[in-house]
file upload_31.txt (compact mmCIF, C-alpha atoms)
# COMPACT_ATOMS: atom_id res chain seq x y z
CA MET A 13 106.42 54.10 134.17
CA SER A 14 109.39 51.91 133.23
CA ASP A 15 112.84 53.27 132.44
CA LYS A 16 112.37 52.16 128.85
CA ASN A 17 109.45 54.53 128.56
CA TRP A 18 111.48 57.31 130.13
CA GLN A 19 114.04 56.81 127.38
CA ASN A 20 111.38 57.86 124.92
CA GLU A 21 110.82 61.03 126.93
CA LEU A 22 114.49 61.92 127.19
CA THR A 23 114.80 63.89 123.95
CA ALA A 24 111.78 65.99 124.86
CA TYR A 25 113.34 66.48 128.29
CA VAL A 26 116.60 67.66 126.74
CA ASP A 27 114.62 70.00 124.50
CA GLY A 28 112.72 71.43 127.46
CA GLU A 29 109.42 70.23 126.02
CA LEU A 30 108.09 68.22 128.97
CA ASN A 31 105.50 69.51 131.38
CA GLU A 32 106.49 70.09 134.99
CA HIS A 33 105.23 66.71 136.22
CA ASP A 34 106.98 64.66 133.55
CA ARG A 35 110.14 66.72 133.89
CA ARG A 36 110.33 65.88 137.59
CA GLU A 37 109.66 62.20 136.86
CA VAL A 38 112.46 62.08 134.30
CA GLU A 39 114.86 63.81 136.68
CA ALA A 40 114.04 61.26 139.37
CA ALA A 41 114.63 58.44 136.90
CA LEU A 42 117.96 59.99 135.90
CA GLN A 43 119.04 60.04 139.52
CA ARG A 44 118.52 56.33 139.99
CA ASP A 45 119.58 55.02 136.56
CA PRO A 46 123.18 55.63 135.38
CA LYS A 47 122.45 54.20 131.93
CA LEU A 48 119.60 56.63 131.47
CA LYS A 49 121.89 59.40 132.64
CA ALA A 50 124.54 58.34 130.10
CA LEU A 51 121.96 58.36 127.30
CA GLU A 52 120.82 61.82 128.34
CA ALA A 53 124.42 63.04 128.13
CA LYS A 54 124.80 61.60 124.62
CA LEU A 55 121.56 63.19 123.49
CA ARG A 56 122.64 66.56 124.89
CA GLN A 57 125.97 66.22 123.09
CA THR A 58 124.21 65.38 119.82
CA VAL A 59 121.83 68.32 120.14
CA ALA A 60 124.77 70.63 120.89
CA LEU A 61 126.72 69.32 117.89
CA MET A 62 123.82 70.10 115.56
CA LYS A 63 124.19 73.75 116.50
CA THR A 64 127.80 73.75 115.33
CA LEU A 65 127.04 72.56 111.82
CA PRO A 66 127.41 75.10 109.05
CA ALA A 67 124.28 75.97 107.16
CA PRO A 68 123.83 76.98 103.55
CA ALA A 69 123.57 80.74 103.45
CA PRO A 70 121.43 82.60 100.93
CA SER A 71 123.29 84.51 98.26
CA ALA A 72 123.03 88.26 97.93
CA SER A 73 121.24 87.85 94.60
CA MET A 74 118.49 85.57 95.89
CA LYS A 75 116.08 88.35 96.78
CA ALA A 76 116.41 89.96 93.36
CA SER A 77 115.79 86.57 91.74
CA VAL A 78 112.64 85.95 93.77
CA LEU A 79 111.29 89.44 93.15
CA GLY A 80 111.92 88.89 89.46
CA LEU A 81 109.94 85.67 89.57
CA LEU A 82 107.07 87.46 91.32
CA GLU A 83 106.76 89.84 88.40
CA GLU A 84 105.93 86.81 86.30
CA ALA A 85 103.58 85.37 88.90
CA PRO A 86 101.41 87.99 90.58
CA PRO A 87 99.23 86.78 93.44
CA LYS A 88 95.83 85.58 92.37
CA THR A 89 92.79 87.08 94.03
CA SER A 90 91.02 84.45 96.02
CA TRP A 91 87.41 83.35 96.05
CA PHE A 92 87.02 84.99 99.43
CA THR A 93 88.08 88.41 98.28
CA MET A 94 85.75 88.49 95.27
CA PRO A 95 82.38 87.41 96.63
CA LYS A 96 80.39 89.45 94.16
CA LEU A 97 82.32 88.50 91.06
CA VAL A 98 82.41 84.78 91.64
CA PRO A 99 78.71 84.04 91.00
CA MET A 100 78.95 85.99 87.76
CA MET A 101 82.06 84.06 86.80
CA ALA A 102 80.34 80.80 87.67
CA LEU A 103 77.36 81.60 85.50
CA ALA A 104 79.52 82.67 82.60
CA ALA A 105 81.80 79.66 82.96
CA ALA A 106 78.81 77.34 83.22
CA ALA A 107 77.37 78.67 80.03
CA VAL A 108 80.69 78.26 78.22
CA LEU A 109 81.18 74.82 79.70
CA ALA A 110 77.74 73.73 78.62
CA VAL A 111 78.39 74.81 75.07
CA VAL A 112 81.86 73.29 74.89
CA LEU A 113 80.92 69.99 76.46
CA ARG A 114 78.00 69.45 74.16
CA GLY A 115 79.82 70.69 71.09
CA ARG A 116 76.87 72.78 70.11
CA ALA A 117 76.72 76.51 69.77
CA VAL A 118 72.95 76.74 69.71
CA GLU A 119 69.84 75.26 71.19
CA VAL A 120 71.16 73.96 74.45
CA PRO A 121 68.06 73.04 76.49
CA PRO A 122 67.77 75.19 79.62
CA ALA A 123 67.60 72.08 81.78
CA PHE A 124 71.08 71.01 80.63
CA VAL A 125 72.50 74.46 81.30
CA GLU A 126 71.07 74.34 84.80
CA GLU A 127 72.65 70.93 85.40
CA ASP A 128 76.01 72.24 84.27
CA GLN A 129 75.64 75.29 86.44
CA VAL A 130 74.97 73.08 89.43
CA LEU A 131 77.95 70.88 88.56
CA LEU A 132 80.22 73.85 88.19
CA ALA A 133 78.90 75.47 91.35
CA GLN A 134 79.55 72.27 93.25
CA ASN A 135 83.15 72.28 92.03
CA MET A 136 83.70 75.99 92.04
CA GLU A 137 86.07 75.82 94.95
CA LEU A 138 88.29 73.41 93.05
CA VAL A 139 88.17 75.63 89.98
CA GLU A 140 89.20 78.56 92.14
CA ASP A 141 92.09 76.58 93.57
CA LEU A 142 93.28 75.57 90.14
CA ASP A 143 93.21 79.19 89.16
CA LEU A 144 94.99 80.19 92.33
CA VAL A 145 98.04 78.01 91.85
CA GLY A 146 98.15 78.43 88.12
CA LEU A 147 99.05 74.79 87.56
CA THR A 148 102.51 75.57 86.33
CA SER A 149 104.03 72.39 87.69
CA PRO A 150 102.93 68.96 88.93
CA GLU A 151 103.54 69.82 92.58
CA ASP A 152 100.84 72.46 92.35
CA LEU A 153 98.36 69.61 92.56
CA GLU A 154 99.68 68.82 96.02
CA VAL A 155 99.36 72.45 97.02
CA ILE A 156 95.72 72.29 95.98
CA GLU A 157 95.25 69.24 98.15
CA GLN A 158 96.76 71.09 101.07
CA LEU A 159 94.97 74.42 100.64
CA LYS A 160 91.82 73.46 102.51
CA GLU A 161 93.84 71.97 105.32
CA LEU A 162 96.03 75.03 105.47
CA GLU A 163 92.94 77.16 105.90
CA ALA A 164 91.33 74.83 108.40
CA ASN A 165 94.46 74.14 110.46
CA PRO A 166 96.64 77.23 110.30
CA MET B 195 100.86 88.36 105.01
CA VAL B 196 97.41 89.84 104.48
CA ALA B 197 99.06 92.80 102.79
CA VAL B 198 101.09 90.40 100.63
CA GLY B 199 97.80 88.86 99.53
CA ARG B 200 96.83 92.25 98.17
CA GLY B 201 100.02 92.31 96.11
CA ASP B 202 102.04 94.48 98.50
CA LYS B 203 105.63 93.74 97.51
CA ALA B 204 107.07 95.86 100.33
CA ALA B 205 105.26 93.64 102.84
CA PHE B 206 106.54 90.56 101.03
CA SER B 207 110.05 91.99 101.17
CA VAL B 208 109.83 92.26 104.96
CA LEU B 209 108.68 88.64 105.28
CA PHE B 210 111.35 87.51 102.85
CA ASP B 211 114.15 89.26 104.76
CA ARG B 212 112.96 87.80 108.04
CA HIS B 213 112.66 84.19 106.90
CA GLN B 214 115.00 83.86 103.91
CA ALA B 215 117.94 82.35 105.77
CA GLY B 216 115.73 79.91 107.69
CA VAL B 217 114.00 78.62 104.57
CA VAL B 218 117.30 78.16 102.71
CA ARG B 219 118.70 76.31 105.72
CA PHE B 220 115.60 74.15 106.07
CA CYS B 221 115.53 73.20 102.37
CA GLY B 222 119.24 72.38 102.35
CA ARG B 223 118.97 70.15 105.40
CA PHE B 224 115.77 68.52 104.28
CA VAL B 225 116.96 67.42 100.85
CA GLY B 226 120.59 66.99 101.92
CA ASN B 227 121.85 69.17 99.15
CA ALA B 228 123.20 72.63 99.91
CA ALA B 229 123.52 73.48 96.24
CA ARG B 230 119.77 73.02 95.70
CA ALA B 231 118.77 74.83 98.87
CA GLU B 232 118.52 78.30 97.42
CA GLU B 233 116.62 77.22 94.34
CA LEU B 234 114.10 75.34 96.47
CA ALA B 235 113.77 78.28 98.84
CA GLN B 236 113.04 80.55 95.89
CA ASP B 237 110.25 78.20 94.81
CA VAL B 238 108.83 78.23 98.34
CA PHE B 239 108.70 82.02 98.45
CA VAL B 240 107.08 82.25 95.03
CA LYS B 241 104.44 79.73 96.12
CA LEU B 242 103.94 81.67 99.30
CA TYR B 243 103.37 84.87 97.36
CA LYS B 244 100.97 83.22 94.95
CA SER B 245 98.92 81.70 97.74
CA ALA B 246 99.09 84.69 100.09
CA SER B 247 95.41 85.52 99.68
CA ARG B 248 94.63 82.10 101.11
CA TYR B 249 96.40 82.86 104.34
CA SER B 250 94.17 83.11 107.39
CA VAL B 251 94.91 85.95 109.79
CA ASP B 252 94.49 83.45 112.63
CA ALA B 253 97.34 81.31 111.34
CA LYS B 254 100.83 81.46 112.73
CA PHE B 255 102.86 82.55 109.77
CA LYS B 256 105.94 80.47 110.47
CA THR B 257 103.99 77.20 110.61
CA PHE B 258 102.24 78.14 107.35
CA LEU B 259 105.59 78.91 105.73
CA TYR B 260 107.22 75.69 106.86
CA ARG B 261 104.24 73.62 105.79
CA VAL B 262 104.61 75.01 102.28
CA ALA B 263 108.38 74.39 102.48
CA THR B 264 107.91 70.83 103.75
CA ASN B 265 105.51 69.96 100.95
CA HIS B 266 107.82 71.45 98.37
CA CYS B 267 110.86 69.59 99.69
CA LEU B 268 108.93 66.32 99.84
CA ASN B 269 108.06 66.74 96.19
CA GLU B 270 111.69 67.49 95.44
CA LEU B 271 112.76 64.29 97.18
CA ARG B 272 110.19 62.29 95.23
CA ARG B 273 111.45 63.77 91.99
CA PHE B 274 115.03 63.05 93.03
CA ASP B 275 114.18 59.43 93.87
CA GLU B 276 112.51 58.96 90.51
CA LYS B 277 115.43 60.56 88.71
CA ARG B 278 117.93 58.50 90.69
CA GLN B 279 116.11 55.29 89.85
CA GLN B 280 116.18 56.24 86.21
CA GLU B 281 119.85 57.16 86.30
CA ALA B 282 120.76 54.04 88.25
CA LYS B 283 119.94 52.03 85.19
CA GLU B 284 122.48 53.99 83.19
CA MET B 285 125.23 54.81 85.65
CA THR B 286 128.00 52.67 86.99
CA THR B 287 128.12 52.07 90.73
CA GLU B 288 131.07 54.42 91.04
CA GLN B 289 129.27 57.25 89.30
CA ASN B 290 126.22 56.66 91.44
CA GLU B 291 128.17 56.98 94.67
CA SER B 292 129.77 60.16 93.41
CA ALA B 293 126.35 61.69 92.74
CA LEU B 294 125.31 60.98 96.31
CA GLU B 295 128.19 62.79 97.94
CA VAL B 296 127.32 65.38 100.51
CA GLU B 297 127.59 68.85 99.13
CA VAL B 298 129.30 71.21 101.52
CA SER B 299 128.42 74.85 101.25
CA PRO B 300 130.98 76.81 99.28
CA GLU B 301 130.34 79.60 101.78
CA SER B 302 132.11 77.54 104.42
CA PRO B 303 135.69 77.09 103.19
CA GLU B 304 136.94 77.36 106.74
CA LEU B 305 135.06 74.24 107.72
CA SER B 306 137.55 71.82 109.23
CA LEU B 307 137.96 68.24 108.11
CA ALA B 308 136.33 67.10 111.33
CA GLY B 309 133.45 69.46 110.66
CA LYS B 310 133.03 68.09 107.16
CA GLU B 311 133.02 64.56 108.46
CA LEU B 312 130.48 65.42 111.11
CA GLU B 313 128.38 67.06 108.43
CA ALA B 314 128.62 63.86 106.37
CA ALA B 315 127.73 61.71 109.38
CA VAL B 316 124.63 63.79 110.08
CA ALA B 317 123.65 63.80 106.41
CA SER B 318 124.11 60.04 106.32
CA ALA B 319 121.84 59.64 109.34
CA MET B 320 119.20 61.94 107.89
CA GLN B 321 119.06 59.87 104.73
CA GLN B 322 117.85 57.00 106.90
CA LEU B 323 115.03 58.99 108.44
CA SER B 324 111.49 58.95 107.16
CA ALA B 325 110.34 62.15 105.48
CA ARG B 326 108.34 63.17 108.56
CA GLU B 327 111.20 62.41 110.92
CA ARG B 328 113.51 64.45 108.75
CA ALA B 329 111.09 67.37 108.58
CA ALA B 330 110.47 67.34 112.34
CA PHE B 331 114.18 66.96 113.13
CA THR B 332 115.14 69.78 110.77
CA MET B 333 112.54 72.18 112.13
CA CYS B 334 113.53 71.36 115.70
CA ARG B 335 117.30 71.18 115.50
CA PHE B 336 118.09 73.74 112.83
CA GLU B 337 115.17 76.16 113.04
CA GLY B 338 114.59 75.98 116.77
CA MET B 339 110.85 75.48 116.43
CA ALA B 340 108.78 74.29 119.37
CA TYR B 341 107.12 70.86 119.19
CA ARG B 342 103.69 72.51 119.11
CA ASP B 343 104.57 74.57 116.04
CA ILE B 344 106.15 71.58 114.32
CA ALA B 345 102.99 69.59 114.98
CA GLN B 346 100.95 72.30 113.27
CA ALA B 347 103.33 72.46 110.33
CA LEU B 348 103.15 68.69 109.90
CA GLU B 349 99.43 68.48 110.65
CA SER B 350 100.21 66.14 113.50
CA THR B 351 100.04 65.98 117.28
CA GLU B 352 102.67 67.07 119.76
CA SER B 353 102.87 63.50 121.00
CA ALA B 354 103.60 62.20 117.50
CA VAL B 355 106.16 64.94 116.93
CA LYS B 356 107.86 64.03 120.20
CA SER B 357 108.28 60.47 118.94
CA LEU B 358 109.47 61.63 115.50
CA ILE B 359 112.10 63.91 117.01
CA HIS B 360 113.23 61.32 119.54
CA ARG B 361 113.70 58.60 116.91
CA ALA B 362 115.49 61.00 114.58
CA THR B 363 117.78 62.32 117.31
CA VAL B 364 118.71 58.81 118.43
CA THR B 365 119.46 57.83 114.82
CA VAL B 366 121.69 60.86 114.36
CA MET B 367 123.31 60.23 117.75
CA LYS B 368 124.24 56.68 116.72
CA HIS B 369 125.74 57.88 113.44
CA VAL B 370 127.75 60.56 115.20
CA GLU B 371 128.98 57.96 117.70
CA ALA B 372 129.99 55.64 114.86
CA TRP B 373 131.79 58.50 113.14
CA GLN B 374 133.59 59.40 116.37
CA GLN B 375 134.70 55.78 116.69
CA GLY B 376 135.88 55.78 113.09
CA MET B 377 133.30 53.28 111.96
CA LEU B 378 131.40 55.43 109.51
CA PRO B 379 132.73 56.10 106.02
CA SER B 380 132.84 59.86 105.62
CA ARG B 381 131.35 61.90 102.78
CA SER B 382 128.84 59.26 101.78
CA LEU B 383 125.09 59.36 102.06
CA ALA B 384 124.66 55.72 101.14

call {"tool": "encode", "arguments": {"input": "upload_31.txt", "output": "structure tokens"}}
result
Amino acid sequence: MSDKNWQNELTAYVDGELNEHDRREVEAALQRDPKLKALEAKLRQTVALMKTLPAPAPSASMKASVLGLLEEAPPKTSWFTMPKLVPMMALAAAAVLAVVLRGRAVEVPPAFVEEDQVLLAQNMELVEDLDLVGLTSPEDLEVIEQLKELEANP
Amino acid sequence: MVAVGRGDKAAFSVLFDRHQAGVVRFCGRFVGNAARAEELAQDVFVKLYKSASRYSVDAKFKTFLYRVATNHCLNELRRFDEKRQQEAKEMTTEQNESALEVEVSPESPELSLAGKELEAAVASAMQQLSARERAAFTMCRFEGMAYRDIAQALESTESAVKSLIHRATVTVMKHVEAWQQGMLPSRSLA
């Protein structure tokens, strides 16, 4: 591997993130290349400087503020914790949806209701997610997009 | 976290105490605004509480937490960019530069002038990073997270994270060098 490629490995080397083989290769390259050695020193200095920077510290009142916000936003029970209730909710919601969408309170043909039930069932997970985040702000939409990935790739 | 999903506020309190400082630090570094850090961190914890029942017991909590925090901060940056574009039409150049000044934590009055300038140099460098570079750099340098955990938080690979952190560190290194040589205007993010 060329020295240029070892440059790209240097930060990981400084961070102790290389495997044993690559670490030895980088150390050998450092021995024979003064420029690489100089870059390593600069990177180490930069990493060390980052540890000296002051960080914003939380105020003493932050916890009380967050707990106050939680009172207004209790956790929603998920689809997974209510397996028995969800089908009932889906059926009820489907019936309401069928009536609302068609603008009729009576005589909705059973076939249409069944179609709506299927549609709602197909999208039930999305409905659950919408309910979960409460849609109080636009960024909640992004949370919904991420929820499945969060579950799949914890 | 499972207990939090059942509405257990005592369990939430334990998680909050353990990660509060880290999330405030992360948010402040990520958006480059110490004054907004606590507000953003509050939002992150509220979102965490609301979505606790979604948490998988197999998940590593810290990566889950920082994924939520990263998404929230990215949204904040987008909102800030939109707001800045709107304000740019109305503000003079001088006012605009003033709005972009680095905000130094009021909790650090003892911070030396050199420290403030270093802080500004780092903030200036971070403004030039992509969102993913900034997130990876912040998690690595200020939260001490391993590349593997950062990869999970960013839904990426360790190899990609290695590149992100290397590019970001080199960028910051160059800004710090320029500052040390007196070539970088201090207290400006532009």

call {"tool": "residues_around", "arguments": {"input": "upload_31.txt", "residues": "B:Val218", "least_positions_apart": "5", "cutoff": "6 Å", "atoms": "only C-alpha atoms", "output": "ChimeraX atom specification"}}
result
/B:231-232,235

call {"tool": "closest_residue", "arguments": {"input": "upload_31.txt", "among": "A:Glu84, A:Leu79, A:Ala69, A:Leu48", "to": "B:Arg230", "atoms": "all atoms listed in the file"}}
result
A:Ala69

call {"tool": "residues_around", "arguments": {"input": "upload_31.txt", "residues": "B:Ile359", "least_positions_apart": "4", "cutoff": "7 Å", "atoms": "only C-alpha atoms", "output": "list in words"}}
result
Glu327, Ala330, Phe331, Val355 and Thr363 of chain B

call {"tool": "closest_residue", "arguments": {"input": "upload_31.txt", "among": "A:Asn17, A:Glu37, A:Ala72, A:Met62", "to": "chain B", "atoms": "all atoms listed in the file"}}
result
A:Met62

call {"tool": "atom_distance", "arguments": {"input": "upload_31.txt", "atom1": "atom CA of A:Glu29", "atom2": "atom CA of B:Arg361"}}
result
15.4 Å

call {"tool": "atom_distance", "arguments": {"input": "upload_31.txt", "atom1": "atom CA of A:Ala76", "atom2": "atom CA of B:Ala215"}}
result
14.6 Å

call {"tool": "residues_around", "arguments": {"input": "upload_31.txt", "residues": "B:Glu371", "least_positions_apart": "4", "cutoff": "12 Å", "atoms": "only C-alpha atoms", "output": "VMD selection string"}}
result
(chain A and resid 51 54 to 55 57 to 58 61) or (chain B and resid 312 315 to 316 319 364 to 367 375 to 378)

call {"tool": "atom_distance", "arguments": {"input": "upload_31.txt", "atom1": "atom CA of B:Leu268", "atom2": "atom CA of B:Met333"}}
result
14.1 Å

call {"tool": "axis_aligned_box", "arguments": {"input": "upload_31.txt", "around": "stretch 210-217 of chain B", "padding_each_side": "5 Å", "output": "JSON"}}
result
{"center_x": 114.6, "center_y": 83.9, "center_z": 105.4, "size_x": 16.6, "size_y": 20.6, "size_z": 15.2}

call {"tool": "residues_around", "arguments": {"input": "upload_31.txt", "residues": "A:Arg56", "least_positions_apart": "3", "cutoff": "10 Å", "atoms": "all atoms listed in the file", "output": "list in words"}}
result
Leu22, Thr23, Tyr25, Val26, Asp27, Ala50, Leu51, Glu52, Ala53, Val59, Ala60 and Leu61 of chain A; Thr363 and Met367 of chain B

call {"tool": "closest_residue", "arguments": {"input": "upload_31.txt", "among": "B:Thr332, B:Ser247, B:Asn227, B:Gln279", "to": "B:Ala263", "atoms": "all atoms listed in the file"}}
result
B:Thr332

call {"tool": "build_atoms", "arguments": {"input": "upload_31.txt", "residues": "stretch 335-348 of chain B", "atoms": "N, CA and C atoms", "output": "JSON list (two decimals), in the coordinates of the input"}}
result
[["chain", "number", "residue", "atom", "x", "y", "z"],
["B", 335, "ARG", "N", 115.87, 71.00, 115.25],
["B", 335, "ARG", "CA", 117.30, 71.18, 115.50],
["B", 335, "ARG", "C", 117.91, 72.39, 114.80],
["B", 336, "PHE", "N", 117.44, 72.68, 113.60],
["B", 336, "PHE", "CA", 118.09, 73.74, 112.83],
["B", 336, "PHE", "C", 117.29, 75.03, 112.78],
["B", 337, "GLU", "N", 115.99, 74.94, 113.04],
["B", 337, "GLU", "CA", 115.17, 76.16, 113.04],
["B", 337, "GLU", "C", 114.69, 76.54, 114.42],
["B", 338, "GLY", "N", 114.94, 75.67, 115.40],
["B", 338, "GLY", "CA", 114.59, 75.98, 116.77],
["B", 338, "GLY", "C", 113.11, 76.10, 117.04],
["B", 339, "MET", "N", 112.30, 75.39, 116.25],
["B", 339, "MET", "CA", 110.85, 75.48, 116.43],
["B", 339, "MET", "C", 110.38, 74.59, 117.58],
["B", 340, "ALA", "N", 109.36, 75.06, 118.26],
["B", 340, "ALA", "CA", 108.78, 74.29, 119.37],
["B", 340, "ALA", "C", 107.98, 73.11, 118.82],
["B", 341, "TYR", "N", 107.85, 72.06, 119.64],
["B", 341, "TYR", "CA", 107.12, 70.86, 119.19],
["B", 341, "TYR", "C", 105.70, 71.22, 118.73],
["B", 342, "ARG", "N", 105.07, 72.15, 119.46],
["B", 342, "ARG", "CA", 103.69, 72.51, 119.11],
["B", 342, "ARG", "C", 103.62, 73.10, 117.70],
["B", 343, "ASP", "N", 104.57, 73.95, 117.37],
["B", 343, "ASP", "CA", 104.57, 74.57, 116.04],
["B", 343, "ASP", "C", 104.91, 73.54, 114.96],
["B", 344, "ILE", "N", 105.80, 72.64, 115.28],
["B", 344, "ILE", "CA", 106.15, 71.58, 114.32],
["B", 344, "ILE", "C", 104.93, 70.69, 114.07],
["B", 345, "ALA", "N", 104.19, 70.41, 115.14],
["B", 345, "ALA", "CA", 102.99, 69.59, 114.98],
["B", 345, "ALA", "C", 102.00, 70.27, 114.04],
["B", 346, "GLN", "N", 101.86, 71.58, 114.17],
["B", 346, "GLN", "CA", 100.95, 72.30, 113.27],
["B", 346, "GLN", "C", 101.47, 72.27, 111.84],
["B", 347, "ALA", "N", 102.76, 72.46, 111.68],
["B", 347, "ALA", "CA", 103.33, 72.46, 110.33],
["B", 347, "ALA", "C", 103.20, 71.10, 109.66],
["B", 348, "LEU", "N", 103.24, 70.04, 110.45],
["B", 348, "LEU", "CA", 103.15, 68.69, 109.90],
["B", 348, "LEU", "C", 101.74, 68.12, 110.00]]
